[in-house]
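Undergrad: Following this line is query17.pdb, made up of PDB, C-alpha atoms and all ligand atoms:
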ATOM      1  CA  MET A 489      86.730 122.897 101.525
ATOM      2  CA  GLN A 490      83.354 121.493 102.436
ATOM      3  CA  ALA A 491      82.735 117.916 103.609
ATOM      4  CA  TYR A 492      80.199 115.748 101.771
ATOM      5  CA  THR A 493      78.601 112.465 102.806
ATOM      6  CA  ALA A 494      77.203 109.867 100.435
ATOM      7  CA  ARG A 495      75.297 106.623 100.943
ATOM      8  CA  ALA A 496      75.439 103.790  98.407
ATOM      9  CA  HIS A 497      73.885 100.334  98.587
ATOM     10  CA  THR A 498      75.576  97.193  97.429
ATOM     11  CA  ASN A 499      74.321  95.163  94.491
ATOM     12  CA  ILE A 500      74.259  91.507  93.524
ATOM     13  CA  ALA A 501      74.932  90.591  89.923
ATOM     14  CA  LEU A 502      72.296  88.408  88.268
ATOM     15  CA  LEU A 503      74.495  88.245  85.185
ATOM     16  CA  LYS A 504      78.064  88.529  86.389
ATOM     17  CA  TYR A 505      81.014  90.698  85.522
ATOM     18  CA  TRP A 506      83.931  88.271  85.452
ATOM     19  CA  GLY A 507      86.964  89.507  83.544
ATOM     20  CA  LYS A 508      88.425  92.727  82.209
ATOM     21  CA  ALA A 509      89.199  93.593  78.598
ATOM     22  CA  ASN A 510      91.116  96.622  79.930
ATOM     23  CA  GLU A 511      92.520  96.293  83.447
ATOM     24  CA  GLN A 512      93.599  99.900  83.824
ATOM     25  CA  LEU A 513      90.268 101.464  82.888
ATOM     26  CA  ILE A 514      88.230  98.503  84.210
ATOM     27  CA  ILE A 515      86.403  97.760  80.973
ATOM     28  CA  PRO A 516      84.727  94.330  81.310
ATOM     29  CA  THR A 517      84.515  91.539  78.735
ATOM     30  CA  THR A 518      80.708  91.393  79.040
ATOM     31  CA  SER A 519      77.818  93.564  80.121
ATOM     32  CA  SER A 520      76.374  92.636  83.518
ATOM     33  CA  ILE A 521      72.980  93.029  85.196
ATOM     34  CA  SER A 522      72.410  93.489  88.925
ATOM     35  CA  LEU A 523      69.889  94.197  91.639
ATOM     36  CA  THR A 524      70.729  96.891  94.198
ATOM     37  CA  LEU A 525      69.815  95.782  97.741
ATOM     38  CA  ASP A 526      68.301  97.721 100.631
ATOM     39  CA  GLU A 527      69.997  95.906 103.534
ATOM     40  CA  PHE A 528      73.672  96.497 102.824
ATOM     41  CA  TYR A 529      75.171  99.934 102.370
ATOM     42  CA  THR A 530      78.190 102.175 102.932
ATOM     43  CA  ASP A 531      78.222 105.760 104.268
ATOM     44  CA  THR A 532      81.275 107.770 103.295
ATOM     45  CA  THR A 533      82.316 111.317 104.207
ATOM     46  CA  VAL A 534      85.096 113.096 102.324
ATOM     47  CA  VAL A 535      86.767 116.438 102.897
ATOM     48  CA  PHE A 536      89.796 117.797 101.037
ATOM     49  CA  ASP A 537      92.008 119.527 103.583
ATOM     50  CA  GLN A 538      95.108 121.556 102.681
ATOM     51  CA  HIS A 539      96.670 120.851 106.080
ATOM     52  CA  LEU A 540      97.066 117.165 105.203
ATOM     53  CA  ASN A 541     100.335 115.824 103.747
ATOM     54  CA  GLU A 542      98.764 112.549 102.717
ATOM     55  CA  ASP A 543      95.282 111.050 102.407
ATOM     56  CA  ALA A 544      93.841 109.837 105.722
ATOM     57  CA  VAL A 545      91.396 106.950 105.275
ATOM     58  CA  PHE A 546      89.286 105.367 108.027
ATOM     59  CA  LEU A 547      87.077 102.323 107.577
ATOM     60  CA  ASN A 548      84.649 101.564 110.423
ATOM     61  CA  ASP A 549      86.710 103.983 112.597
ATOM     62  CA  ALA A 550      90.050 102.187 112.049
ATOM     63  CA  PRO A 551      92.809 103.614 109.827
ATOM     64  CA  LEU A 552      93.046 101.785 106.516
ATOM     65  CA  THR A 553      96.535 100.674 105.424
ATOM     66  CA  GLY A 554      98.229  98.513 102.777
ATOM     67  CA  LYS A 555      96.470  97.430  99.589
ATOM     68  CA  GLY A 556      93.096  98.821 100.646
ATOM     69  CA  TYR A 557      94.602 102.267 101.341
ATOM     70  CA  LYS A 558      96.420 102.257  97.986
ATOM     71  CA  LYS A 559      93.168 101.518  96.110
ATOM     72  CA  ILE A 560      91.507 104.516  97.776
ATOM     73  CA  THR A 561      94.384 106.966  97.175
ATOM     74  CA  ASP A 562      94.652 105.843  93.528
ATOM     75  CA  PHE A 563      90.954 106.533  93.210
ATOM     76  CA  LEU A 564      91.274 109.931  94.907
ATOM     77  CA  ASP A 565      94.035 110.756  92.402
ATOM     78  CA  ILE A 566      91.518 110.261  89.582
ATOM     79  CA  VAL A 567      89.085 112.613  91.350
ATOM     80  CA  ARG A 568      91.854 115.204  91.949
ATOM     81  CA  GLN A 569      92.854 115.023  88.300
ATOM     82  CA  LEU A 570      89.256 115.583  87.185
ATOM     83  CA  ALA A 571      88.882 118.533  89.568
ATOM     84  CA  GLY A 572      92.326 120.020  88.867
ATOM     85  CA  ILE A 573      93.364 119.986  92.537
ATOM     86  CA  SER A 574      96.221 118.378  94.464
ATOM     87  CA  THR A 575      94.823 118.665  98.006
ATOM     88  CA  LYS A 576      94.838 115.505 100.149
ATOM     89  CA  ALA A 577      91.618 114.155 101.606
ATOM     90  CA  HIS A 578      90.199 112.817 104.829
ATOM     91  CA  VAL A 579      87.905 109.859 104.141
ATOM     92  CA  GLN A 580      85.651 108.262 106.747
ATOM     93  CA  SER A 581      83.691 105.219 105.653
ATOM     94  CA  THR A 582      81.261 102.986 107.535
ATOM     95  CA  ASN A 583      79.935  99.703 106.195
ATOM     96  CA  HIS A 584      76.439  98.736 107.262
ATOM     97  CA  VAL A 585      76.492  95.048 106.667
ATOM     98  CA  PRO A 586      75.002  92.490 109.052
ATOM     99  CA  THR A 587      77.761  90.734 110.991
ATOM    100  CA  ALA A 588      79.477  87.941 109.088
ATOM    101  CA  ALA A 589      77.418  88.415 105.943
ATOM    102  CA  GLY A 590      80.673  88.704 104.035
ATOM    103  CA  LEU A 591      79.095  91.266 101.763
ATOM    104  CA  ALA A 592      81.268  94.254 102.684
ATOM    105  CA  SER A 593      81.566  94.818  99.034
ATOM    106  CA  SER A 594      83.657  97.173  97.000
ATOM    107  CA  ALA A 595      80.487  98.025  95.049
ATOM    108  CA  SER A 596      78.887 100.183  97.755
ATOM    109  CA  ALA A 597      82.310 101.431  98.912
ATOM    110  CA  PHE A 598      83.455 102.926  95.604
ATOM    111  CA  SER A 599      80.010 104.123  94.635
ATOM    112  CA  ALA A 600      79.726 106.100  97.922
ATOM    113  CA  LEU A 601      83.329 107.314  97.568
ATOM    114  CA  ALA A 602      82.691 108.510  94.000
ATOM    115  CA  GLY A 603      79.650 110.462  95.188
ATOM    116  CA  ALA A 604      81.252 112.064  98.253
ATOM    117  CA  ALA A 605      84.749 112.679  96.835
ATOM    118  CA  SER A 606      83.568 114.237  93.571
ATOM    119  CA  LYS A 607      81.278 116.678  95.413
ATOM    120  CA  ALA A 608      83.918 117.477  98.015
ATOM    121  CA  ALA A 609      86.382 118.220  95.196
ATOM    122  CA  GLY A 610      83.941 120.753  93.758
ATOM    123  CA  LEU A 611      82.718 118.603  90.854
ATOM    124  CA  ASP A 612      79.061 118.297  89.933
ATOM    125  CA  LEU A 613      78.889 115.045  87.985
ATOM    126  CA  SER A 614      75.871 113.492  86.283
ATOM    127  CA  LEU A 615      74.802 110.014  87.431
ATOM    128  CA  ALA A 616      76.343 108.542  84.266
ATOM    129  CA  ASP A 617      79.650 110.285  85.017
ATOM    130  CA  LEU A 618      79.482 109.059  88.625
ATOM    131  CA  SER A 619      78.974 105.530  87.302
ATOM    132  CA  ARG A 620      82.053 105.893  85.044
ATOM    133  CA  LEU A 621      84.049 107.248  87.982
ATOM    134  CA  ALA A 622      82.904 104.536  90.434
ATOM    135  CA  ARG A 623      83.851 101.920  87.799
ATOM    136  CA  ARG A 624      87.490 103.062  88.020
ATOM    137  CA  GLY A 625      87.526 102.067  91.714
ATOM    138  CA  SER A 626      85.782  98.717  91.304
ATOM    139  CA  GLY A 627      83.800  97.487  88.308
ATOM    140  CA  SER A 628      80.713  96.409  90.240
ATOM    141  CA  ALA A 629      80.542  99.891  91.854
ATOM    142  CA  SER A 630      79.454 101.357  88.504
ATOM    143  CA  ARG A 631      76.078  99.624  89.045
ATOM    144  CA  SER A 632      75.514 100.807  92.645
ATOM    145  CA  ILE A 633      74.946 104.394  91.479
ATOM    146  CA  TYR A 634      71.388 103.308  90.602
ATOM    147  CA  GLY A 635      68.660 101.516  92.526
ATOM    148  CA  GLY A 636      66.703  98.418  91.484
ATOM    149  CA  PHE A 637      67.698  96.483  88.374
ATOM    150  CA  VAL A 638      70.749  97.940  86.637
ATOM    151  CA  GLU A 639      72.754  97.111  83.536
ATOM    152  CA  TRP A 640      76.448  97.940  83.223
ATOM    153  CA  GLU A 641      77.073  98.090  79.527
ATOM    154  CA  ARG A 642      80.405  96.629  78.637
ATOM    155  CA  GLY A 643      81.333  99.411  76.197
ATOM    156  CA  THR A 644      84.765  99.765  74.677
ATOM    157  CA  ASP A 645      86.249 102.829  76.398
ATOM    158  CA  ASP A 646      85.891 105.082  79.429
ATOM    159  CA  THR A 647      82.840 106.858  77.988
ATOM    160  CA  THR A 648      80.829 103.890  76.730
ATOM    161  CA  SER A 649      81.475 101.511  79.658
ATOM    162  CA  VAL A 650      78.767 102.788  81.981
ATOM    163  CA  ALA A 651      75.736 101.591  83.942
ATOM    164  CA  HIS A 652      72.124 102.660  83.485
ATOM    165  CA  PRO A 653      68.946 101.727  85.333
ATOM    166  CA  LEU A 654      66.632  99.084  83.877
ATOM    167  CA  GLN A 655      63.922  99.316  86.557
ATOM    168  CA  GLU A 656      64.627 101.677  89.445
ATOM    169  CA  VAL A 657      61.480 101.039  91.427
ATOM    170  CA  VAL A 658      60.861  97.342  91.939
ATOM    171  CA  ASP A 659      57.365  97.078  93.369
ATOM    172  CA  TRP A 660      56.910  93.356  92.949
ATOM    173  CA  ASP A 661      57.730  90.299  95.029
ATOM    174  CA  ILE A 662      61.446  89.492  94.854
ATOM    175  CA  GLN A 663      63.948  89.050  97.662
ATOM    176  CA  LEU A 664      67.549  88.020  98.017
ATOM    177  CA  LEU A 665      68.264  85.721 100.901
ATOM    178  CA  THR A 666      71.968  85.540 101.743
ATOM    179  CA  VAL A 667      72.919  82.201 103.243
ATOM    180  CA  ILE A 668      76.012  82.764 105.351
ATOM    181  CA  ILE A 669      78.562  80.034 104.921
ATOM    182  CA  ASN A 670      81.567  80.773 107.072
ATOM    183  CA  ASP A 671      83.617  77.722 106.467
ATOM    184  CA  GLN A 672      86.514  79.189 104.479
ATOM    185  CA  PRO A 673      88.026  82.619 104.156
ATOM    186  CA  LYS A 674      88.362  83.634 100.529
ATOM    187  CA  LYS A 675      91.860  82.986  99.260
ATOM    188  CA  VAL A 676      91.553  84.472  95.778
ATOM    189  CA  ASP A 677      90.162  88.001  95.481
ATOM    190  CA  SER A 678      87.772  88.746  92.652
ATOM    191  CA  ARG A 679      90.284  91.010  90.897
ATOM    192  CA  GLY A 680      92.870  88.213  90.647
ATOM    193  CA  GLY A 681      90.368  85.387  90.212
ATOM    194  CA  MET A 682      88.598  86.832  87.201
ATOM    195  CA  GLN A 683      91.798  87.548  85.251
ATOM    196  CA  HIS A 684      93.147  84.090  86.055
ATOM    197  CA  ALA A 685      89.961  82.503  84.664
ATOM    198  CA  LEU A 686      90.086  84.776  81.596
ATOM    199  CA  GLN A 687      93.702  83.889  80.863
ATOM    200  CA  THR A 688      93.633  80.157  81.478
ATOM    201  CA  SER A 689      90.143  78.620  81.283
ATOM    202  CA  PRO A 690      89.314  77.003  77.933
ATOM    203  CA  PHE A 691      85.643  77.662  78.818
ATOM    204  CA  TYR A 692      86.110  81.401  79.282
ATOM    205  CA  GLN A 693      84.950  82.382  75.784
ATOM    206  CA  ASN A 694      81.888  80.120  76.185
ATOM    207  CA  TRP A 695      81.035  82.046  79.325
ATOM    208  CA  VAL A 696      81.340  85.374  77.468
ATOM    209  CA  ASP A 697      79.124  84.108  74.616
ATOM    210  CA  ALA A 698      76.538  82.679  77.035
ATOM    211  CA  THR A 699      76.472  85.918  79.058
ATOM    212  CA  ASN A 700      75.990  88.018  75.925
ATOM    213  CA  ALA A 701      73.061  85.838  74.862
ATOM    214  CA  ALA A 702      71.545  85.874  78.365
ATOM    215  CA  THR A 703      71.729  89.685  78.590
ATOM    216  CA  VAL A 704      68.998  90.115  75.982
ATOM    217  CA  ASP A 705      66.743  87.521  77.661
ATOM    218  CA  MET A 706      67.369  88.911  81.151
ATOM    219  CA  LYS A 707      66.296  92.411  80.118
ATOM    220  CA  THR A 708      63.050  91.058  78.662
ATOM    221  CA  ALA A 709      62.443  88.972  81.797
ATOM    222  CA  ILE A 710      62.962  92.008  84.071
ATOM    223  CA  GLU A 711      60.618  94.096  81.951
ATOM    224  CA  ASN A 712      57.964  91.360  82.240
ATOM    225  CA  HIS A 713      58.556  90.729  85.983
ATOM    226  CA  ASP A 714      59.188  87.135  84.901
ATOM    227  CA  PHE A 715      60.565  85.788  88.177
ATOM    228  CA  GLN A 716      61.219  82.251  86.953
ATOM    229  CA  LYS A 717      63.162  83.432  83.930
ATOM    230  CA  ILE A 718      65.200  85.943  85.962
ATOM    231  CA  GLY A 719      66.043  83.258  88.525
ATOM    232  CA  SER A 720      66.943  80.519  86.083
ATOM    233  CA  LEU A 721      69.084  82.821  83.911
ATOM    234  CA  ALA A 722      70.876  84.113  87.028
ATOM    235  CA  GLU A 723      71.559  80.636  88.411
ATOM    236  CA  GLN A 724      72.854  79.357  85.070
ATOM    237  CA  ASN A 725      75.100  82.396  84.666
ATOM    238  CA  ALA A 726      76.558  82.035  88.162
ATOM    239  CA  LEU A 727      77.268  78.318  87.651
ATOM    240  CA  GLN A 728      78.920  79.066  84.316
ATOM    241  CA  MET A 729      81.074  81.770  85.905
ATOM    242  CA  HIS A 730      82.188  79.350  88.629
ATOM    243  CA  ALA A 731      82.885  76.730  85.935
ATOM    244  CA  THR A 732      85.503  79.062  84.417
ATOM    245  CA  ASN A 733      87.293  79.052  87.791
ATOM    246  CA  MET A 734      87.148  75.288  88.152
ATOM    247  CA  THR A 735      88.571  74.855  84.641
ATOM    248  CA  ALA A 736      91.355  77.445  85.080
ATOM    249  CA  THR A 737      95.036  76.357  85.341
ATOM    250  CA  PRO A 738      95.590  75.898  88.232
ATOM    251  CA  PRO A 739      91.898  75.465  89.076
ATOM    252  CA  PHE A 740      90.253  77.178  92.035
ATOM    253  CA  THR A 741      86.805  77.584  93.473
ATOM    254  CA  TYR A 742      85.027  79.858  95.944
ATOM    255  CA  LEU A 743      82.374  77.224  96.611
ATOM    256  CA  THR A 744      82.513  74.817  99.538
ATOM    257  CA  ASP A 745      80.536  71.653 100.336
ATOM    258  CA  ASN A 746      78.035  73.792 102.212
ATOM    259  CA  SER A 747      77.663  76.134  99.228
ATOM    260  CA  TRP A 748      76.805  73.104  97.105
ATOM    261  CA  ALA A 749      74.367  71.815  99.719
ATOM    262  CA  VAL A 750      72.437  75.099  99.406
ATOM    263  CA  ILE A 751      72.613  75.127  95.581
ATOM    264  CA  GLN A 752      71.195  71.584  95.566
ATOM    265  CA  LEU A 753      68.541  72.472  98.106
ATOM    266  CA  ALA A 754      67.327  75.247  95.783
ATOM    267  CA  ALA A 755      66.869  72.662  93.025
ATOM    268  CA  GLN A 756      64.967  70.347  95.406
ATOM    269  CA  LEU A 757      62.695  73.158  96.544
ATOM    270  CA  ARG A 758      61.923  74.010  92.921
ATOM    271  CA  SER A 759      60.882  70.419  92.307
ATOM    272  CA  LYS A 760      58.354  70.943  95.139
ATOM    273  CA  GLY A 761      56.999  74.085  93.489
ATOM    274  CA  ILE A 762      58.872  76.713  95.535
ATOM    275  CA  GLU A 763      60.512  79.188  93.186
ATOM    276  CA  VAL A 764      64.040  79.685  94.453
ATOM    277  CA  TYR A 765      67.310  80.110  92.539
ATOM    278  CA  ALA A 766      70.927  80.363  93.669
ATOM    279  CA  THR A 767      73.651  82.835  92.761
ATOM    280  CA  MET A 768      77.222  82.945  94.088
ATOM    281  CA  ASP A 769      80.032  85.493  93.849
ATOM    282  CA  ALA A 770      83.692  85.507  94.887
ATOM    283  CA  GLY A 771      83.054  83.679  98.173
ATOM    284  CA  PRO A 772      81.240  80.663  99.630
ATOM    285  CA  ASN A 773      77.970  82.425 100.550
ATOM    286  CA  VAL A 774      74.959  81.553  98.423
ATOM    287  CA  LYS A 775      72.307  84.166  97.671
ATOM    288  CA  LEU A 776      68.862  82.765  97.075
ATOM    289  CA  ILE A 777      66.611  84.686  94.727
ATOM    290  CA  SER A 778      63.122  83.995  96.013
ATOM    291  CA  HIS A 779      59.642  85.333  96.764
ATOM    292  CA  ILE A 780      59.256  87.222 100.055
ATOM    293  CA  SER A 781      56.223  85.041 100.814
ATOM    294  CA  ASP A 782      58.357  81.845 100.744
ATOM    295  CA  TYR A 783      60.827  83.148 103.349
ATOM    296  CA  HIS A 784      59.821  80.892 106.267
ATOM    297  CA  GLU A 785      59.539  77.736 104.216
ATOM    298  CA  ILE A 786      63.011  78.302 102.704
ATOM    299  CA  VAL A 787      64.637  79.018 106.090
ATOM    300  CA  LEU A 788      63.100  75.833 107.553
ATOM    301  CA  ALA A 789      64.400  73.794 104.623
ATOM    302  CA  LEU A 790      67.859  75.363 105.030
ATOM    303  CA  GLN A 791      67.913  74.497 108.717
ATOM    304  CA  SER A 792      67.204  70.861 107.936
ATOM    305  CA  VAL A 793      70.377  70.776 105.798
ATOM    306  CA  LEU A 794      72.620  73.189 107.746
ATOM    307  CA  PRO A 795      71.252  73.336 111.322
ATOM    308  CA  ASP A 796      72.994  76.533 112.555
ATOM    309  CA  VAL A 797      72.787  78.459 109.343
ATOM    310  CA  GLU A 798      72.379  82.243 109.428
ATOM    311  CA  THR A 799      70.460  84.104 106.738
ATOM    312  CA  VAL A 800      69.936  87.769 105.899
ATOM    313  CA  ALA A 801      66.988  88.810 103.760
ATOM    314  CA  ALA A 802      67.187  91.855 101.488
ATOM    315  CA  THR A 803      64.819  93.445  99.011
ATOM    316  CA  PRO A 804      65.514  95.891  96.169
ATOM    317  CA  GLY A 805      67.208  99.087  97.309
ATOM    318  CA  PRO A 806      67.807 102.669  96.136
ATOM    319  CA  GLY A 807      70.620 104.362  94.241
ATOM    320  CA  LEU A 808      73.343 106.743  95.421
ATOM    321  CA  VAL A 809      72.402 109.648  97.691
ATOM    322  CA  VAL A 810      74.886 112.505  98.275
TER     323      VAL A 810
HETATM  324  C1  LIG A 901      81.799  88.063  91.293
HETATM  325  O1  LIG A 901      83.808  94.638  91.059
HETATM  326  O2  LIG A 901      84.903  93.404  92.983
HETATM  327  O3  LIG A 901      80.963  90.015  92.343
HETATM  328  O4  LIG A 901      86.538  95.587  89.324
HETATM  329  O5  LIG A 901      88.370  94.121  90.127
HETATM  330  O6  LIG A 901      87.180  95.628  91.746
HETATM  331  P1  LIG A 901      87.084  94.789  90.476
HETATM  332  O7  LIG A 901      86.092  93.586  90.776
HETATM  333  P2  LIG A 901      84.688  93.522  91.526
HETATM  334  O8  LIG A 901      84.152  92.146  90.954
HETATM  335  C2  LIG A 901      82.868  91.670  91.200
HETATM  336  C3  LIG A 901      82.764  90.259  90.747
HETATM  337  C4  LIG A 901      81.475  89.547  91.120
HETATM  338  C5  LIG A 901      80.437  89.660  90.009
HETATM  339  C6  LIG A 901      79.739  90.994  89.866
HETATM  340  O9  LIG A 901      79.510  91.696  90.855
HETATM  341  O10 LIG A 901      79.345  91.292  88.727
END
Take the structure from the file and write it as structure tokens.
TA:
Amino acid sequence: MQAYTARAHTNIALLKYWGKANEQLIIPTTSSISLTLDEFYTDTTVVFDQHLNEDAVFLNDAPLTGKGYKKITDFLDIVRQLAGISTKAHVQSTNHVPTAAGLASSASAFSALAGAASKAAGLDLSLADLSRLARRGSGSASRSIYGGFVEWERGTDDTTSVAHPLQEVVDWDIQLLTVIINDQPKKVDSRGGMQHALQTSPFYQNWVDATNAATVDMKTAIENHDFQKIGSLAEQNALQMHATNMTATPPFTYLTDNSWAVIQLAAQLRSKGIEVYATMDAGPNVKLISHISDYHEIVLALQSVLPDVETVAATPGPGLVV
């Protein structure tokens, strides 16, 4: 069978996905809204080969084993079932993520794998079907099928839980500056962390209600290129998501003192008229939503708080290419 290669970019959620209503199908408790980024992406090549007795998976040229391998073979099983084949596959995946950025995300990985594996299995899926398929690997991957601003609609089943583009070409001034905070490896993965918050935080339902309300406002803000509104809604949503973790039993957090120093710096910069907002995911890095034109001023301010800090700037990126 023929080999296919796909490239998918990662995305950062402005309104987060944090909890599953259905863990098997990966149906979330809320819709989420993201921005696909140009700087971080995954290239994946898949070929189904009848000489193989088991799937062979390589990530950045090293064989993948354990939990990571299992996630990929489970995903390939879904593709094989759709295509009506039983052939094992050879998968070669390369992450293009600046060193230490900690953004080697499952979003670009499963989006690229959905694109390459479905084609290699002889399927010709629509973008919506690719989004549904990518979702089965990792929820956030459903959004990386599209470029620019994307909404993953919560839905209630495999068909209705799917992403669609809100604004594919973003030709206005917005950047995402990742502030690399290396001080702690993440102890709780997002898959475990979100279900723990859902099951034990008394604030979890508040977060769902707030996210639902913010979804309507965020879509209007994106349509109007309303930077301030996008930023403030995103920062509030991220803080509320992290509040569900801090109020879980037992509590946990991904944020460190340095994460907080950057979150507070964003607030200080805003009081000086620089529009910058923070968002954080399942790790200590802080992503600053800002104007490209404020880049130097923000980096200088960061250096005054965290002298050796590393940053990576990204702008809106494209959708899946197979
Ligand atoms: C905090 O998509 O990695 O980045 O579906 O269990 O694979 P699984 O989770 P994943 O979770 C992403 C969580 C987040 C927020 C987001 O991207 O919306």
Undergrad: Take the PyMOL selection byres (((chain A and resi 539-551) around 12) and not hetatm), apply it to the structure above, and return the hits as a ChimeraX atom specification.
TA: /A:489,530-538,552-554,556-565,568,574-585,592,597,601
Undergrad: So which residues touch range 779-788 of chain A within 6 Å, counting all atoms listed in the file, skipping near sequence neighbours fewer than 6 positions away, as a list in words?
TA: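 With the cut-off at 6 Å, the set is Asp661, Ile662 and Gln663 of chain A.
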Undergrad: Within 9 Å of range 718-731 of chain A, which residues of range 498-604 of chain A show up? Give each one with its shortest atom-to-atom distance in Å (one decimal) and the two atoms involved, counting all atoms listed in the file, rows by chain then rising residue number, as JSON lines.
TA:
{"residue": "A:Ala501", "atom": "CA", "partner": "A:Ala722", "partner_atom": "CA", "distance": 8.2}
{"residue": "A:Leu502", "atom": "CA", "partner": "A:Ala722", "partner_atom": "CA", "distance": 4.7}
{"residue": "A:Leu503", "atom": "CA", "partner": "A:Ala722", "partner_atom": "CA", "distance": 5.8}
{"residue": "A:Lys504", "atom": "CA", "partner": "A:Ala726", "partner_atom": "CA", "distance": 6.9}
{"residue": "A:Tyr505", "atom": "CA", "partner": "A:Met729", "partner_atom": "CA", "distance": 8.9}
{"residue": "A:Trp506", "atom": "CA", "partner": "A:Met729", "partner_atom": "CA", "distance": 7.1}
Undergrad: Could you give me, as a list in words, every polymer residue with an atom at most 7 Å away from an atom of ligand LIG 901 (chain A), counting all atoms listed in the file?
TA: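 Every residue with an atom at most 7 Å from ligand LIG 901 (chain A) is listed here: Ile500, Ala501, Leu503, Lys504, Tyr505, Trp506, Ile514, Ser520, Ser594, Ala595, Gly625, Ser626, Gly627, Ser628, Ala629, Ser678, Arg679, Asp769 and Ala770 of chain A.
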Undergrad: Which residue gives the smallest distance to Pro795 in chain A among A:Leu654, A:Leu618, A:Ile633, A:Ile669, with all atoms listed in the file counted?
TA: A:Ile669
Undergrad: A:Ala605, A:Leu525, A:Ala494, A:Leu615: which is nearest Val650 in chain A, counting all atoms listed in the file?
TA: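 So, comparing all the options, the nearest one is A:Leu615.
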Undergrad: For range 524-535 of chain A, I'd like the enclosing box, axis-aligned and padded by 3 Å on every side, reported as JSON with centre and edge lengths in Å to one decimal.
TA:
{"center_x": 77.5, "center_y": 106.1, "center_z": 99.2, "size_x": 24.5, "size_y": 26.7, "size_z": 16.1}
Undergrad: Quote the spacing between CA of Thr666 in chain A and CA of Lys775 in chain A in Å to one decimal place.
TA: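 It comes out at 4.3 Å.
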Undergrad: Between CA of Ala802 in chain A and CA of Asp526 in chain A, measure the distance and give it in Å to one decimal.
TA: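 Taking CA of Ala802 in chain A and CA of Asp526 in chain A, their separation equals 6.0 Å.
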Undergrad: Could you check how far CA of Val696 in chain A sits from CA of Leu743 in chain A, in Å to one decimal?
TA: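 These two atoms are separated by 20.8 Å.
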Undergrad: Would you write out, as a PyMOL selection string, every residue that the PyMOL selection byres (((chain A and resi 746-752) around 9) and not hetatm) captures in this file?
TA: chain A and resi 667+669+671+742-745+753-757+765-768+772-774+776+790+793-794
Undergrad: A:Gln791, A:Gln687, A:Gln490, A:Gln655: which is nearest Thr708 in chain A, counting all atoms listed in the file?
TA: A:Gln655
Undergrad: Go through A:Arg495, A:His652, A:Lys555, A:Arg642 and flag the residue nearest Ala616 in chain A, using only C-alpha atoms for the distances.
TA: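 Looking only at the distances to Ala616 in chain A, the closest residue turns out to be A:His652.
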Undergrad: For Trp695 in chain A, which of A:Ser792, A:Asn670, A:Thr732, A:Ser630 is the closest residue, counting all atoms listed in the file?
TA: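 Comparing A:Ser792, A:Asn670, A:Thr732, A:Ser630 against Trp695 in chain A, the winner is A:Thr732.
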Undergrad: Looking at A:Ser599, A:Gln512, A:Ser689, A:Asn712, which one is nearest to Phe740 in chain A, with distances taken over all atoms listed in the file?
TA: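 Closest to Phe740 in chain A of all the choices is A:Ser689.
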Undergrad: So what does the PyMOL selection byres (((chain A and resi 517) around 10) and not hetatm) actually pick up in this one, as number ranges by chain?
TA: A: 505-510, 514-516, 518-520, 641-644, 686, 693, 696, 699-700
